[in-house]
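Peer 1: The structure follows.
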Amino acid sequence: MSRIIEFDFGSFEGLPVHDLMIQHGVKSATGLVSILPADGENWGAMTERSLACVSNWLDRHPDDEVLFVCHDAVMQGMANALCGSYFKNSHGTPFRYTREDAQWRVEQLVT
């Protein structure tokens, strides 16, 4: 689905994230978001489009569990918007977003 495709990193596209973080002196996802190039996608816009896509599916299928497969930046943007923070991602590991009352959390499914 086009609204949950990976974030457009602009001139950072294809560069190792770890190297960019070292080069720019950042140590966290929040720091990484702060150094994104102007020629890439806006982080907030990516988060908004991703959440809109997921919300649309959940509204149409309120009693179903829906699986979304996406890249880390999309998952991190949604986690920060829903939970108030980023999370440590073990790449290739499935995560579940769950809501209890008004509180969202991200939980790793496989250890």
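As shown in the structure tokens, the chain order sets the letters A, B, ...; within each chain, residues go from 1, and ligands are also counted from 1 in the order they appear.
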Skip Tyr86 (chain A) itself and residues of its chain fewer than 4 positions away, then list as a ChimeraX atom specification all residues within 6 Å of it, counting only C-alpha atoms.
Peer 2: /A:76,79-80
Peer 1: Create the file for the chosen residues now, containing N, CA, C and O atoms and written as a PDB file, in the first residue's frame.
Peer 2:
```pdb
ATOM      1  N   GLN A  76       8.481   3.269  13.484  1.00  0.00           N
ATOM      2  CA  GLN A  76       8.954   4.187  14.504  1.00  0.00           C
ATOM      3  C   GLN A  76       8.109   5.461  14.552  1.00  0.00           C
ATOM      4  O   GLN A  76       7.796   5.969  15.630  1.00  0.00           O
ATOM      5  N   ALA A  79       4.913   4.520  16.234  1.00  0.00           N
ATOM      6  CA  ALA A  79       5.133   4.275  17.665  1.00  0.00           C
ATOM      7  C   ALA A  79       5.281   5.590  18.429  1.00  0.00           C
ATOM      8  O   ALA A  79       4.703   5.764  19.500  1.00  0.00           O
ATOM      9  N   ASN A  80       6.043   6.507  17.873  1.00  0.00           N
ATOM     10  CA  ASN A  80       6.242   7.785  18.548  1.00  0.00           C
ATOM     11  C   ASN A  80       4.928   8.554  18.654  1.00  0.00           C
ATOM     12  O   ASN A  80       4.618   9.134  19.693  1.00  0.00           O
TER      13      ASN A  80
END
```
Peer 1: Give me, as CSV, each residue of region 29-103 of chain A that comes within 6 Å of region 1-15 of chain A, together with its shortest interatomic pair and the distance in Å at one decimal, counting only C-alpha atoms, with rows ordered by chain and rising residue number.
Peer 2:
```
residue,atom,partner,partner_atom,distance
A:Asp39,CA,A:Gly10,CA,5.0
A:Gly40,CA,A:Gly10,CA,3.6
A:Glu41,CA,A:Asp8,CA,5.1
A:Arg49,CA,A:Arg3,CA,5.6
A:Ser50,CA,A:Ile4,CA,5.0
A:Cys53,CA,A:Arg3,CA,5.9
A:His71,CA,A:Glu6,CA,5.6
```
Peer 1: Once you have the residues from the selection above, write them out as a PDB file, in the first residue's frame, restricted to C-alpha atoms.
Peer 2:
```pdb
ATOM      1  CA  ASP A  39      15.204  17.105   0.131  1.00  0.00           C
ATOM      2  CA  GLY A  40      13.561  14.098   1.822  1.00  0.00           C
ATOM      3  CA  GLU A  41      10.092  13.497   3.140  1.00  0.00           C
ATOM      4  CA  ARG A  49       0.025   9.182   6.081  1.00  0.00           C
ATOM      5  CA  SER A  50       0.951   5.897   7.762  1.00  0.00           C
ATOM      6  CA  CYS A  53      -3.688   4.165   6.255  1.00  0.00           C
ATOM      7  CA  HIS A  71       9.898  -0.658   7.184  1.00  0.00           C
TER       8      HIS A  71
END
```
Peer 1: Contacts of Leu82 (chain A) at 9 Å or less, counting only C-alpha atoms, minus same-chain residues fewer than 3 places along, as a list in words?
Peer 2: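 In the requested format, the answer is Gly77, Met78, Ala79, Ser85, Tyr97, Gln103, Trp104 and Arg105 of chain A.
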Peer 1: Would you please give, as a PyMOL selection string, all residues of region 7-61 of chain A that DSSP assigns to helix (DSSP H, G or I) based on the backbone?
Peer 2: chain A and resi 10-12+17-24+29-34+43-60
Peer 1: For N, CA and C atoms, I'd like the residues from the last selection saved as an mmCIF file, in the first residue's frame.
Peer 2:
```cif
data_model
loop_
_atom_site.group_PDB
_atom_site.id
_atom_site.type_symbol
_atom_site.label_atom_id
_atom_site.label_comp_id
_atom_site.auth_asym_id
_atom_site.auth_seq_id
_atom_site.Cartn_x
_atom_site.Cartn_y
_atom_site.Cartn_z
ATOM 1 N N GLY A 10 15.575 11.191 1.047
ATOM 2 C CA GLY A 10 16.211 12.212 0.209
ATOM 3 C C GLY A 10 17.659 11.869 -0.073
ATOM 4 N N SER A 11 18.552 12.826 0.124
ATOM 5 C CA SER A 11 19.973 12.615 -0.177
ATOM 6 C C SER A 11 20.643 11.633 0.786
ATOM 7 N N PHE A 12 19.965 11.243 1.870
ATOM 8 C CA PHE A 12 20.480 10.204 2.765
ATOM 9 C C PHE A 12 20.103 8.801 2.289
ATOM 10 N N VAL A 17 22.472 4.031 8.208
ATOM 11 C CA VAL A 17 21.953 4.873 9.289
ATOM 12 C C VAL A 17 22.995 5.035 10.391
ATOM 13 N N HIS A 18 23.648 3.957 10.756
ATOM 14 C CA HIS A 18 24.656 4.014 11.823
ATOM 15 C C HIS A 18 25.755 5.019 11.471
ATOM 16 N N ASP A 19 26.222 4.995 10.239
ATOM 17 C CA ASP A 19 27.269 5.928 9.806
ATOM 18 C C ASP A 19 26.783 7.374 9.859
ATOM 19 N N LEU A 20 25.538 7.607 9.441
ATOM 20 C CA LEU A 20 24.980 8.959 9.482
ATOM 21 C C LEU A 20 24.891 9.465 10.914
ATOM 22 N N MET A 21 24.492 8.590 11.817
ATOM 23 C CA MET A 21 24.377 8.987 13.219
ATOM 24 C C MET A 21 25.738 9.363 13.789
ATOM 25 N N ILE A 22 26.757 8.585 13.476
ATOM 26 C CA ILE A 22 28.111 8.899 13.947
ATOM 27 C C ILE A 22 28.590 10.210 13.332
ATOM 28 N N GLN A 23 28.417 10.334 12.027
ATOM 29 C CA GLN A 23 28.873 11.531 11.315
ATOM 30 C C GLN A 23 28.237 12.803 11.871
ATOM 31 N N HIS A 24 26.962 12.727 12.261
ATOM 32 C CA HIS A 24 26.254 13.916 12.740
ATOM 33 C C HIS A 24 26.177 13.995 14.265
ATOM 34 N N ALA A 29 17.015 7.709 17.880
ATOM 35 C CA ALA A 29 16.076 7.938 16.775
ATOM 36 C C ALA A 29 15.629 9.393 16.740
ATOM 37 N N THR A 30 15.440 9.982 17.906
ATOM 38 C CA THR A 30 15.061 11.396 17.960
ATOM 39 C C THR A 30 16.153 12.253 17.327
ATOM 40 N N GLY A 31 17.396 11.938 17.624
ATOM 41 C CA GLY A 31 18.505 12.659 17.013
ATOM 42 C C GLY A 31 18.556 12.469 15.518
ATOM 43 N N LEU A 32 18.296 11.245 15.072
ATOM 44 C CA LEU A 32 18.293 10.963 13.631
ATOM 45 C C LEU A 32 17.225 11.788 12.926
ATOM 46 N N VAL A 33 16.043 11.853 13.510
ATOM 47 C CA VAL A 33 14.962 12.646 12.909
ATOM 48 C C VAL A 33 15.375 14.110 12.791
ATOM 49 N N SER A 34 16.173 14.590 13.742
ATOM 50 C CA SER A 34 16.560 16.005 13.740
ATOM 51 C C SER A 34 17.562 16.359 12.640
ATOM 52 N N TRP A 43 9.113 14.091 8.264
ATOM 53 C CA TRP A 43 8.832 12.995 9.204
ATOM 54 C C TRP A 43 7.372 13.005 9.665
ATOM 55 N N GLY A 44 6.862 14.169 9.977
ATOM 56 C CA GLY A 44 5.469 14.282 10.422
ATOM 57 C C GLY A 44 4.488 13.866 9.346
ATOM 58 N N ALA A 45 4.769 14.231 8.100
ATOM 59 C CA ALA A 45 3.893 13.848 6.986
ATOM 60 C C ALA A 45 3.901 12.337 6.783
ATOM 61 N N MET A 46 5.073 11.721 6.918
ATOM 62 C CA MET A 46 5.160 10.265 6.792
ATOM 63 C C MET A 46 4.348 9.586 7.889
ATOM 64 N N THR A 47 4.492 10.076 9.102
ATOM 65 C CA THR A 47 3.746 9.503 10.224
ATOM 66 C C THR A 47 2.244 9.664 10.004
ATOM 67 N N GLU A 48 1.841 10.836 9.583
ATOM 68 C CA GLU A 48 0.420 11.107 9.355
ATOM 69 C C GLU A 48 -0.161 10.199 8.274
ATOM 70 N N ARG A 49 0.553 10.025 7.162
ATOM 71 C CA ARG A 49 0.025 9.182 6.081
ATOM 72 C C ARG A 49 -0.049 7.725 6.513
ATOM 73 N N SER A 50 0.937 7.282 7.296
ATOM 74 C CA SER A 50 0.951 5.897 7.762
ATOM 75 C C SER A 50 -0.192 5.630 8.735
ATOM 76 N N LEU A 51 -0.372 6.531 9.685
ATOM 77 C CA LEU A 51 -1.462 6.380 10.646
ATOM 78 C C LEU A 51 -2.822 6.436 9.966
ATOM 79 N N ALA A 52 -2.968 7.283 8.965
ATOM 80 C CA ALA A 52 -4.235 7.367 8.229
ATOM 81 C C ALA A 52 -4.535 6.050 7.524
ATOM 82 N N CYS A 53 -3.521 5.450 6.948
ATOM 83 C CA CYS A 53 -3.688 4.165 6.255
ATOM 84 C C CYS A 53 -4.141 3.083 7.234
ATOM 85 N N VAL A 54 -3.422 2.974 8.346
ATOM 86 C CA VAL A 54 -3.749 1.954 9.340
ATOM 87 C C VAL A 54 -5.137 2.211 9.932
ATOM 88 N N SER A 55 -5.432 3.450 10.256
ATOM 89 C CA SER A 55 -6.741 3.790 10.818
ATOM 90 C C SER A 55 -7.868 3.421 9.873
ATOM 91 N N ASN A 56 -7.652 3.680 8.590
ATOM 92 C CA ASN A 56 -8.673 3.348 7.591
ATOM 93 C C ASN A 56 -8.972 1.854 7.598
ATOM 94 N N TRP A 57 -7.933 1.040 7.627
ATOM 95 C CA TRP A 57 -8.122 -0.413 7.654
ATOM 96 C C TRP A 57 -8.807 -0.861 8.932
ATOM 97 N N LEU A 58 -8.380 -0.316 10.070
ATOM 98 C CA LEU A 58 -8.969 -0.717 11.346
ATOM 99 C C LEU A 58 -10.428 -0.288 11.446
ATOM 100 N N ASP A 59 -10.757 0.868 10.887
ATOM 101 C CA ASP A 59 -12.152 1.310 10.870
ATOM 102 C C ASP A 59 -13.024 0.386 10.028
ATOM 103 N N ARG A 60 -12.461 -0.099 8.927
ATOM 104 C CA ARG A 60 -13.217 -0.995 8.033
ATOM 105 C C ARG A 60 -13.302 -2.423 8.561
#
```
Peer 1: Hey, what's within 9 Å of Leu109 (chain A) if we count only C-alpha atoms and toss same-chain stuff fewer than 2 positions away? As a list in words, please?
Peer 2: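 Result of the neighbour search: Thr93, Pro94, Phe95, Arg96, Glu107 and Thr111 of chain A.
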